[in-house]
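With mmCIF, C-alpha atoms and all ligand atoms inside, this is model.cif:
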```
data_coords
#
loop_
_atom_site.label_atom_id
_atom_site.label_comp_id
_atom_site.auth_asym_id
_atom_site.auth_seq_id
_atom_site.Cartn_x
_atom_site.Cartn_y
_atom_site.Cartn_z
CA MET W 1 18.81 102.47 188.12
CA ILE W 2 21.35 99.73 188.73
CA ARG W 3 25.03 99.71 189.67
CA ILE W 4 27.44 97.65 187.58
CA ASP W 5 31.19 97.25 187.74
CA PRO W 6 31.72 96.22 184.11
CA HIS W 7 35.47 95.47 184.08
CA ILE W 8 36.86 93.05 186.68
CA HIS W 9 39.67 90.49 186.40
CA THR W 10 39.87 87.03 187.95
CA VAL W 11 42.43 84.28 188.16
CA TYR W 12 41.67 83.30 184.53
CA SER W 13 43.29 86.56 183.37
CA GLY W 14 46.69 85.29 184.44
CA ASP W 15 47.44 88.54 186.28
CA ALA W 16 44.82 88.49 189.03
CA ARG W 17 44.14 86.24 192.01
CA GLY W 18 40.42 86.29 192.81
CA THR W 19 38.06 83.56 191.64
CA PRO W 20 34.72 84.41 190.01
CA ARG W 21 33.01 83.40 193.28
CA ASP W 22 35.26 85.77 195.27
CA VAL W 23 34.25 88.57 192.92
CA LEU W 24 30.52 87.82 193.23
CA LYS W 25 30.74 87.65 197.00
CA ARG W 26 32.56 90.97 197.15
CA ALA W 27 30.16 92.56 194.65
CA SER W 28 27.15 91.65 196.77
CA LEU W 29 28.93 92.89 199.89
CA VAL W 30 29.65 96.34 198.41
CA GLY W 31 26.14 96.70 197.00
CA LEU W 32 26.67 96.18 193.29
CA ASP W 33 23.68 94.89 191.32
CA ALA W 34 25.73 93.54 188.44
CA VAL W 35 29.28 92.78 187.33
CA ALA W 36 31.17 91.85 184.19
CA ILE W 37 34.26 89.70 184.45
CA ALA W 38 36.45 90.94 181.62
CA ASP W 39 39.49 88.69 181.77
CA HIS W 40 42.26 88.95 179.21
CA ASN W 41 41.36 86.97 176.09
CA THR W 42 39.17 84.36 177.76
CA MET W 43 35.52 84.14 178.71
CA LYS W 44 36.13 81.31 181.15
CA GLY W 45 35.81 83.44 184.30
CA SER W 46 32.74 85.13 182.90
CA LEU W 47 30.99 81.84 182.14
CA ILE W 48 31.75 80.43 185.59
CA ALA W 49 30.44 83.61 187.21
CA MET W 50 27.21 83.31 185.21
CA GLU W 51 26.60 79.87 186.68
CA ASP W 52 27.01 81.18 190.25
CA SER W 53 25.26 84.49 189.69
CA ALA W 54 21.88 83.57 191.23
CA GLU W 55 23.46 82.27 194.42
CA PHE W 56 24.92 85.71 195.15
CA GLY W 57 22.04 87.76 193.76
CA VAL W 58 24.38 89.58 191.37
CA THR W 59 23.66 89.80 187.64
CA VAL W 60 26.56 88.78 185.41
CA VAL W 61 26.99 90.26 181.95
CA PRO W 62 29.32 88.04 179.89
CA ALA W 63 32.49 89.83 178.82
CA VAL W 64 36.12 89.56 177.79
CA GLU W 65 39.00 92.05 177.44
CA LEU W 66 40.59 91.46 174.07
CA SER W 67 44.17 92.24 173.14
CA THR W 68 44.00 93.70 169.65
CA SER W 69 46.96 94.66 167.49
CA ALA W 70 46.69 98.22 168.82
CA GLY W 71 45.44 97.96 172.39
CA HIS W 72 42.71 96.54 174.59
CA ILE W 73 38.98 96.43 173.85
CA VAL W 74 36.35 95.17 176.31
CA ALA W 75 33.55 93.20 174.66
CA LEU W 76 30.40 93.38 176.80
CA GLY W 77 27.53 91.00 176.17
CA VAL W 78 29.46 88.53 174.02
CA GLN W 79 28.29 84.94 173.63
CA GLU W 80 31.34 83.39 172.01
CA GLU W 81 35.10 83.76 172.30
CA ILE W 82 36.77 86.20 169.89
CA GLN W 83 40.29 85.70 168.63
CA ARG W 84 43.00 87.93 170.07
CA GLY W 85 45.47 89.86 167.92
CA LEU W 86 43.01 91.14 165.31
CA THR W 87 43.02 94.82 164.38
CA PRO W 88 40.69 97.08 166.41
CA ALA W 89 38.31 97.34 163.44
CA GLU W 90 38.20 93.56 162.92
CA THR W 91 37.71 93.01 166.64
CA MET W 92 34.82 95.46 166.72
CA ASP W 93 33.20 93.76 163.72
CA GLU W 94 33.34 90.45 165.60
CA ILE W 95 31.87 92.07 168.72
CA HIS W 96 29.08 93.76 166.79
CA SER W 97 28.25 90.55 164.91
CA GLN W 98 27.35 89.13 168.35
CA ASP W 99 25.24 92.21 169.06
CA ALA W 100 27.60 93.05 171.93
CA LEU W 101 29.20 96.35 172.93
CA ALA W 102 32.76 97.43 172.10
CA ILE W 103 34.06 99.45 175.03
CA ILE W 104 37.43 101.17 175.10
CA PRO W 105 38.99 100.62 178.52
CA HIS W 106 41.66 102.98 179.86
CA PRO W 107 42.02 104.88 176.58
CA PHE W 108 45.13 106.99 176.16
CA VAL W 109 47.08 104.96 178.74
CA ARG W 110 50.05 103.96 176.67
CA TYR W 111 51.80 101.75 179.24
CA ARG W 112 48.68 99.64 179.77
CA GLN W 113 47.81 98.91 176.16
CA GLY W 114 45.31 101.73 176.01
CA LEU W 115 43.89 102.05 172.56
CA PHE W 116 44.32 105.49 171.10
CA VAL W 117 40.80 105.92 169.88
CA ASN W 118 41.68 108.38 167.19
CA GLU W 119 40.78 106.13 164.31
CA ARG W 120 37.67 107.94 163.17
CA ASN W 121 35.92 105.00 161.57
CA LEU W 122 35.86 102.78 164.67
CA ARG W 123 32.36 102.13 165.99
CA VAL W 124 32.97 102.60 169.69
CA ASP W 125 29.88 101.92 171.85
CA ALA W 126 31.26 103.29 175.13
CA VAL W 127 34.46 104.62 176.66
CA GLU W 128 35.78 104.13 180.17
CA THR W 129 36.08 107.67 181.44
CA LEU W 130 36.53 106.59 185.03
CA ASN W 131 38.98 103.76 185.52
CA SER W 132 40.01 103.40 189.15
CA ARG W 133 43.58 102.53 188.40
CA TYR W 134 44.95 105.83 187.14
CA ILE W 135 46.45 107.69 189.99
CA VAL W 136 47.24 110.89 188.18
CA GLY W 137 43.84 111.04 186.55
CA TYR W 138 45.02 112.69 183.35
CA SER W 139 43.95 109.78 181.16
CA ASN W 140 40.46 109.76 182.70
CA TRP W 141 40.17 113.47 182.04
CA ARG W 142 41.27 113.05 178.45
CA ALA W 143 38.89 110.12 177.95
CA ARG W 144 35.99 112.18 179.31
CA LYS W 145 36.77 115.03 176.97
CA PHE W 146 36.94 112.63 174.03
CA ALA W 147 33.66 110.85 174.90
CA ARG W 148 31.74 114.09 175.39
CA LYS W 149 33.00 115.60 172.17
CA ARG W 150 31.90 112.53 170.21
CA GLY W 151 28.73 111.84 172.20
CA ILE W 152 29.88 108.36 173.25
CA PRO W 153 28.40 106.78 176.42
CA GLU W 154 30.67 106.95 179.49
CA ILE W 155 31.55 104.04 181.74
CA GLY W 156 33.09 103.80 185.20
CA ALA W 157 34.92 100.58 186.12
CA SER W 158 37.34 99.30 188.73
CA ASP W 159 39.47 97.20 186.34
CA ALA W 160 40.04 95.31 189.60
CA HIS W 161 42.86 92.77 189.78
CA PHE W 162 42.16 92.20 193.49
CA VAL W 163 38.76 91.47 194.98
CA GLU W 164 39.19 94.34 197.44
CA ALA W 165 39.07 96.77 194.52
CA VAL W 166 35.78 95.45 193.08
CA GLY W 167 33.29 98.31 192.85
CA SER W 168 35.86 101.03 193.58
CA SER W 169 34.47 102.59 190.42
CA PHE W 170 31.24 101.53 188.77
CA THR W 171 28.52 102.71 186.42
CA PHE W 172 24.95 103.68 187.21
CA VAL W 173 22.79 102.45 184.34
CA GLU W 174 19.18 103.42 183.91
CA SER W 175 17.85 99.93 183.27
CA GLU W 176 16.32 96.83 184.77
CA ASN W 177 18.75 94.41 186.36
CA THR W 178 19.12 91.93 183.50
CA ALA W 179 22.12 91.50 181.20
CA ASP W 180 20.13 92.44 178.08
CA ASP W 181 18.63 95.53 179.65
CA ILE W 182 21.96 96.73 181.01
CA ILE W 183 23.56 96.38 177.58
CA GLU W 184 20.69 98.31 176.01
CA GLY W 185 20.93 101.03 178.67
CA ILE W 186 24.64 101.49 178.01
CA ARG W 187 24.07 101.47 174.25
CA ARG W 188 21.60 104.31 174.67
CA GLY W 189 23.98 106.26 176.87
CA ARG W 190 21.87 106.04 180.01
CA THR W 191 24.98 105.83 182.17
CA ARG W 192 26.76 107.75 184.87
CA PRO W 193 30.26 106.80 186.02
CA GLU W 194 30.88 106.92 189.75
CA GLY W 195 33.72 106.01 192.06
CA ARG W 196 37.20 106.60 193.29
CA ARG W 197 40.74 105.54 192.64
CA THR W 198 42.15 102.14 193.49
CA PRO W 199 44.06 102.45 196.78
CA LEU W 200 47.77 102.71 196.00
CA PRO W 201 48.83 99.64 198.03
CA LEU W 202 46.61 97.46 195.82
CA ILE W 203 48.21 98.80 192.65
CA VAL W 204 51.66 98.19 194.09
CA ARG W 205 50.67 94.63 194.98
CA GLU W 206 49.41 94.07 191.47
CA VAL W 207 52.60 95.33 189.86
CA ILE W 208 54.64 92.97 192.04
CA ASN W 209 52.30 90.10 191.19
CA LYS W 210 52.55 90.82 187.50
CA LYS W 211 56.33 90.73 187.65
CA LEU W 212 56.26 87.35 189.38
CA ILE W 213 53.71 85.87 187.00
CA GLY W 214 55.35 87.56 184.02
CA ARG W 215 58.42 85.40 184.52
CA MET W 216 56.33 82.36 183.77
CA ARG W 217 54.12 83.75 181.04
CA ASN W 218 54.70 86.76 178.94
CA ASP W 219 51.52 87.20 177.01
CA ILE W 220 49.36 89.68 178.86
ZN ZN E 1 43.35 96.54 179.76
ZN ZN E 2 41.48 95.18 182.41
#
```

So that I can check it, write out the structure of this file as structure tokens.
Amino acid sequence: MIRIDPHIHTVYSGDARGTPRDVLKRASLVGLDAVAIADHNTMKGSLIAMEDSAEFGVTVVPAVELSTSAGHIVALGVQEEIQRGLTPAETMDEIHSQDALAIIPHPFVRYRQGLFVNERNLRVDAVETLNSRYIVGYSNWRARKFARKRGIPEIGASDAHFVEAVGSSFTFVESENTADDIIEGIRRGRTRPEGRRTPLPLIVREVINKKLIGRMRNDI
């Protein structure tokens, strides 16, 4: 059984401040076995983290959070960049052609580009049913109900935009601590989400940050 926080942002996202090394350091401090850096539309942070992974004793699963035409999709276990702006179905085809997992982060959260996973024909590999950033918790509840009804594996993730939030939610996976094994464990549904909400002051800080950065770039 390993602990992974499979959805963390770094400075390469454009809306977060921590470097991949900051994330790895924090992950090892809070007792995570593995992380995935899922920056917006770039694998850069993920690739850098992979290089430094051994130094911190934390496994890194390569990932990216893609902006599709209808909301965000986290690709876990990808090897190559995938174009942003495709439809959810096209994006999932690209992900699956790399034998990676298509995970729906924060589903049903309209204001954060949550994908409404009602399109029946989408091949969703896992759903985030515990995302630390939703204070009210309604969207997590709805996501859980959806995943259980459809028999889709459940994921817990911090969606951290500050290093302090890394590991605030995470996923227990019944697997060895290698990227391939973790992906296989999630695929088979051997997961259990665990965690708590992001402390409110961190969310407030992020919103302020986003506003500042948003003046310079408007593409997140
Ligand atoms: Zn997102
Ligand atoms: Zn995210």

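Nearest residue to His9 of chain W among W:Arg188, W:Val74, W:Thr59, W:Glu176 is W:Val74, counting all atoms listed in the file.
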
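Nearest to ligand ZN 2 (chain E) of all the residues W:Ala126, W:Ala63, W:Ile8, W:Ala147 is W:Ile8, based on all atoms listed in the file.
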
Please, which residues in chain W fall within 9 Å of ligand ZN 1 (chain E) when counting only C-alpha atoms and all ligand atoms, and what is the closest atom pair and distance in Å to one decimal for each, ordered by chain then residue number, as JSON lines?
```
{"residue": "W:Asp39", "atom": "CA", "partner": "E:ZN1", "partner_atom": "ZN", "distance": 9.0}
{"residue": "W:His40", "atom": "CA", "partner": "E:ZN1", "partner_atom": "ZN", "distance": 7.7}
{"residue": "W:Glu65", "atom": "CA", "partner": "E:ZN1", "partner_atom": "ZN", "distance": 6.7}
{"residue": "W:Leu66", "atom": "CA", "partner": "E:ZN1", "partner_atom": "ZN", "distance": 8.1}
{"residue": "W:Ser67", "atom": "CA", "partner": "E:ZN1", "partner_atom": "ZN", "distance": 7.9}
{"residue": "W:Gly71", "atom": "CA", "partner": "E:ZN1", "partner_atom": "ZN", "distance": 7.8}
{"residue": "W:His72", "atom": "CA", "partner": "E:ZN1", "partner_atom": "ZN", "distance": 5.2}
{"residue": "W:Ile73", "atom": "CA", "partner": "E:ZN1", "partner_atom": "ZN", "distance": 7.4}
{"residue": "W:Val74", "atom": "CA", "partner": "E:ZN1", "partner_atom": "ZN", "distance": 7.9}
{"residue": "W:Ile104", "atom": "CA", "partner": "E:ZN1", "partner_atom": "ZN", "distance": 8.8}
{"residue": "W:Pro105", "atom": "CA", "partner": "E:ZN1", "partner_atom": "ZN", "distance": 6.1}
{"residue": "W:His106", "atom": "CA", "partner": "E:ZN1", "partner_atom": "ZN", "distance": 6.7}
{"residue": "W:Arg112", "atom": "CA", "partner": "E:ZN1", "partner_atom": "ZN", "distance": 6.2}
{"residue": "W:Gln113", "atom": "CA", "partner": "E:ZN1", "partner_atom": "ZN", "distance": 6.2}
{"residue": "W:Gly114", "atom": "CA", "partner": "E:ZN1", "partner_atom": "ZN", "distance": 6.7}
{"residue": "W:Asp159", "atom": "CA", "partner": "E:ZN1", "partner_atom": "ZN", "distance": 7.7}
```

Hey, which of W:Val60, W:Val109, W:Met1, W:Ile95 ends up closest to ligand ZN 2 (chain E)? Count all atoms listed in the file.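 The shortest atom-to-atom distance to ligand ZN 2 (chain E) comes from W:Val109.
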
Computed interatomic separation between atom CA of Ile183 of chain W and atom CA of His96 of chain W (Å):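 That distance, rounded to one decimal, is 12.4 Å.
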
Show me the residues close to (33.6, 95.2, 185.1) - anything with an atom within 10 Å, counting all atoms listed in the file - and format the list as a ChimeraX atom specification. /W:4-9,34-39,60-65,74,76,155-160,166-167,169-171

Between W:Ile2, W:Leu101, W:Thr191, W:Val124, which one has atoms that come closest to Ala89 of chain W, using all atoms listed in the file?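 Looking at the shortest contact to Ala89 of chain W, the residue is W:Val124.
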
Of the candidates W:Gln98, W:Asn140, W:Leu29, W:Gly14, which shows the shortest atom-to-atom distance to ligand ZN 2 (chain E), using only C-alpha atoms and all ligand atoms?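 The answer is W:Gly14, which sits nearest to ligand ZN 2 (chain E).
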
Mind filling out segment 134-165 of chain W with N, CA and C atoms and sending it as a PDB file, in the frame of the given file?
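Result file follows (rebuild.pdb):
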```
ATOM      1  N   TYR W 134      44.031 104.784 187.578  1.00  0.00           N
ATOM      2  CA  TYR W 134      44.950 105.830 187.140  1.00  0.00           C
ATOM      3  C   TYR W 134      45.086 106.916 188.172  1.00  0.00           C
ATOM      4  N   ILE W 135      46.229 106.867 188.822  1.00  0.00           N
ATOM      5  CA  ILE W 135      46.450 107.690 189.990  1.00  0.00           C
ATOM      6  C   ILE W 135      46.465 109.163 189.629  1.00  0.00           C
ATOM      7  N   VAL W 136      47.103 109.483 188.550  1.00  0.00           N
ATOM      8  CA  VAL W 136      47.240 110.890 188.180  1.00  0.00           C
ATOM      9  C   VAL W 136      45.910 111.442 187.665  1.00  0.00           C
ATOM     10  N   GLY W 137      45.159 110.601 186.974  1.00  0.00           N
ATOM     11  CA  GLY W 137      43.840 111.040 186.550  1.00  0.00           C
ATOM     12  C   GLY W 137      43.815 111.732 185.206  1.00  0.00           C
ATOM     13  N   TYR W 138      44.971 111.976 184.623  1.00  0.00           N
ATOM     14  CA  TYR W 138      45.020 112.690 183.350  1.00  0.00           C
ATOM     15  C   TYR W 138      44.311 111.902 182.253  1.00  0.00           C
ATOM     16  N   SER W 139      44.540 110.576 182.237  1.00  0.00           N
ATOM     17  CA  SER W 139      43.950 109.780 181.160  1.00  0.00           C
ATOM     18  C   SER W 139      42.429 109.733 181.270  1.00  0.00           C
ATOM     19  N   ASN W 140      41.916 109.720 182.516  1.00  0.00           N
ATOM     20  CA  ASN W 140      40.460 109.760 182.700  1.00  0.00           C
ATOM     21  C   ASN W 140      39.897 111.084 182.178  1.00  0.00           C
ATOM     22  N   TRP W 141      40.607 112.138 182.463  1.00  0.00           N
ATOM     23  CA  TRP W 141      40.170 113.470 182.040  1.00  0.00           C
ATOM     24  C   TRP W 141      40.139 113.550 180.513  1.00  0.00           C
ATOM     25  N   ARG W 142      41.185 113.020 179.911  1.00  0.00           N
ATOM     26  CA  ARG W 142      41.270 113.050 178.450  1.00  0.00           C
ATOM     27  C   ARG W 142      40.186 112.177 177.816  1.00  0.00           C
ATOM     28  N   ALA W 143      39.930 111.027 178.449  1.00  0.00           N
ATOM     29  CA  ALA W 143      38.890 110.120 177.950  1.00  0.00           C
ATOM     30  C   ALA W 143      37.519 110.781 178.021  1.00  0.00           C
ATOM     31  N   ARG W 144      37.272 111.500 179.114  1.00  0.00           N
ATOM     32  CA  ARG W 144      35.990 112.180 179.310  1.00  0.00           C
ATOM     33  C   ARG W 144      35.782 113.238 178.218  1.00  0.00           C
ATOM     34  N   LYS W 145      36.838 113.981 177.972  1.00  0.00           N
ATOM     35  CA  LYS W 145      36.770 115.030 176.970  1.00  0.00           C
ATOM     36  C   LYS W 145      36.456 114.425 175.596  1.00  0.00           C
ATOM     37  N   PHE W 146      37.134 113.325 175.301  1.00  0.00           N
ATOM     38  CA  PHE W 146      36.940 112.630 174.030  1.00  0.00           C
ATOM     39  C   PHE W 146      35.499 112.116 173.888  1.00  0.00           C
ATOM     40  N   ALA W 147      35.001 111.448 174.951  1.00  0.00           N
ATOM     41  CA  ALA W 147      33.660 110.850 174.900  1.00  0.00           C
ATOM     42  C   ALA W 147      32.595 111.925 174.725  1.00  0.00           C
ATOM     43  N   ARG W 148      32.754 113.029 175.453  1.00  0.00           N
ATOM     44  CA  ARG W 148      31.740 114.090 175.390  1.00  0.00           C
ATOM     45  C   ARG W 148      31.720 114.765 174.038  1.00  0.00           C
ATOM     46  N   LYS W 149      32.899 114.961 173.470  1.00  0.00           N
ATOM     47  CA  LYS W 149      33.000 115.600 172.170  1.00  0.00           C
ATOM     48  C   LYS W 149      32.313 114.747 171.102  1.00  0.00           C
ATOM     49  N   ARG W 150      32.462 113.429 171.226  1.00  0.00           N
ATOM     50  CA  ARG W 150      31.900 112.530 170.210  1.00  0.00           C
ATOM     51  C   ARG W 150      30.519 111.992 170.585  1.00  0.00           C
ATOM     52  N   GLY W 151      30.032 112.330 171.778  1.00  0.00           N
ATOM     53  CA  GLY W 151      28.730 111.840 172.200  1.00  0.00           C
ATOM     54  C   GLY W 151      28.692 110.334 172.444  1.00  0.00           C
ATOM     55  N   ILE W 152      29.792 109.803 172.985  1.00  0.00           N
ATOM     56  CA  ILE W 152      29.880 108.360 173.250  1.00  0.00           C
ATOM     57  C   ILE W 152      29.564 108.099 174.727  1.00  0.00           C
ATOM     58  N   PRO W 153      28.739 107.079 175.028  1.00  0.00           N
ATOM     59  CA  PRO W 153      28.400 106.780 176.420  1.00  0.00           C
ATOM     60  C   PRO W 153      29.647 106.564 177.301  1.00  0.00           C
ATOM     61  N   GLU W 154      29.536 107.022 178.561  1.00  0.00           N
ATOM     62  CA  GLU W 154      30.670 106.950 179.490  1.00  0.00           C
ATOM     63  C   GLU W 154      30.465 105.849 180.523  1.00  0.00           C
ATOM     64  N   ILE W 155      31.569 105.172 180.829  1.00  0.00           N
ATOM     65  CA  ILE W 155      31.550 104.040 181.740  1.00  0.00           C
ATOM     66  C   ILE W 155      32.530 104.272 182.879  1.00  0.00           C
ATOM     67  N   GLY W 156      32.156 103.846 184.080  1.00  0.00           N
ATOM     68  CA  GLY W 156      33.090 103.800 185.200  1.00  0.00           C
ATOM     69  C   GLY W 156      33.336 102.348 185.563  1.00  0.00           C
ATOM     70  N   ALA W 157      34.588 101.981 185.812  1.00  0.00           N
ATOM     71  CA  ALA W 157      34.920 100.580 186.120  1.00  0.00           C
ATOM     72  C   ALA W 157      36.136 100.511 187.021  1.00  0.00           C
ATOM     73  N   SER W 158      36.191  99.446 187.823  1.00  0.00           N
ATOM     74  CA  SER W 158      37.340  99.300 188.730  1.00  0.00           C
ATOM     75  C   SER W 158      38.559  98.759 188.016  1.00  0.00           C
ATOM     76  N   ASP W 159      38.360  97.917 186.971  1.00  0.00           N
ATOM     77  CA  ASP W 159      39.470  97.200 186.340  1.00  0.00           C
ATOM     78  C   ASP W 159      40.228  96.441 187.438  1.00  0.00           C
ATOM     79  N   ALA W 160      39.455  95.908 188.395  1.00  0.00           N
ATOM     80  CA  ALA W 160      40.040  95.310 189.600  1.00  0.00           C
ATOM     81  C   ALA W 160      40.854  94.063 189.277  1.00  0.00           C
ATOM     82  N   HIS W 161      42.043  93.985 189.856  1.00  0.00           N
ATOM     83  CA  HIS W 161      42.860  92.770 189.780  1.00  0.00           C
ATOM     84  C   HIS W 161      42.929  92.109 191.157  1.00  0.00           C
ATOM     85  N   PHE W 162      42.293  92.757 192.150  1.00  0.00           N
ATOM     86  CA  PHE W 162      42.160  92.200 193.490  1.00  0.00           C
ATOM     87  C   PHE W 162      40.707  92.355 193.923  1.00  0.00           C
ATOM     88  N   VAL W 163      40.179  91.378 194.619  1.00  0.00           N
ATOM     89  CA  VAL W 163      38.760  91.470 194.980  1.00  0.00           C
ATOM     90  C   VAL W 163      38.460  92.701 195.814  1.00  0.00           C
ATOM     91  N   GLU W 164      39.437  93.157 196.599  1.00  0.00           N
ATOM     92  CA  GLU W 164      39.190  94.340 197.440  1.00  0.00           C
ATOM     93  C   GLU W 164      38.856  95.566 196.611  1.00  0.00           C
ATOM     94  N   ALA W 165      39.282  95.582 195.358  1.00  0.00           N
ATOM     95  CA  ALA W 165      39.070  96.770 194.520  1.00  0.00           C
ATOM     96  C   ALA W 165      37.739  96.710 193.750  1.00  0.00           C
TER      97      ALA W 165
END
```
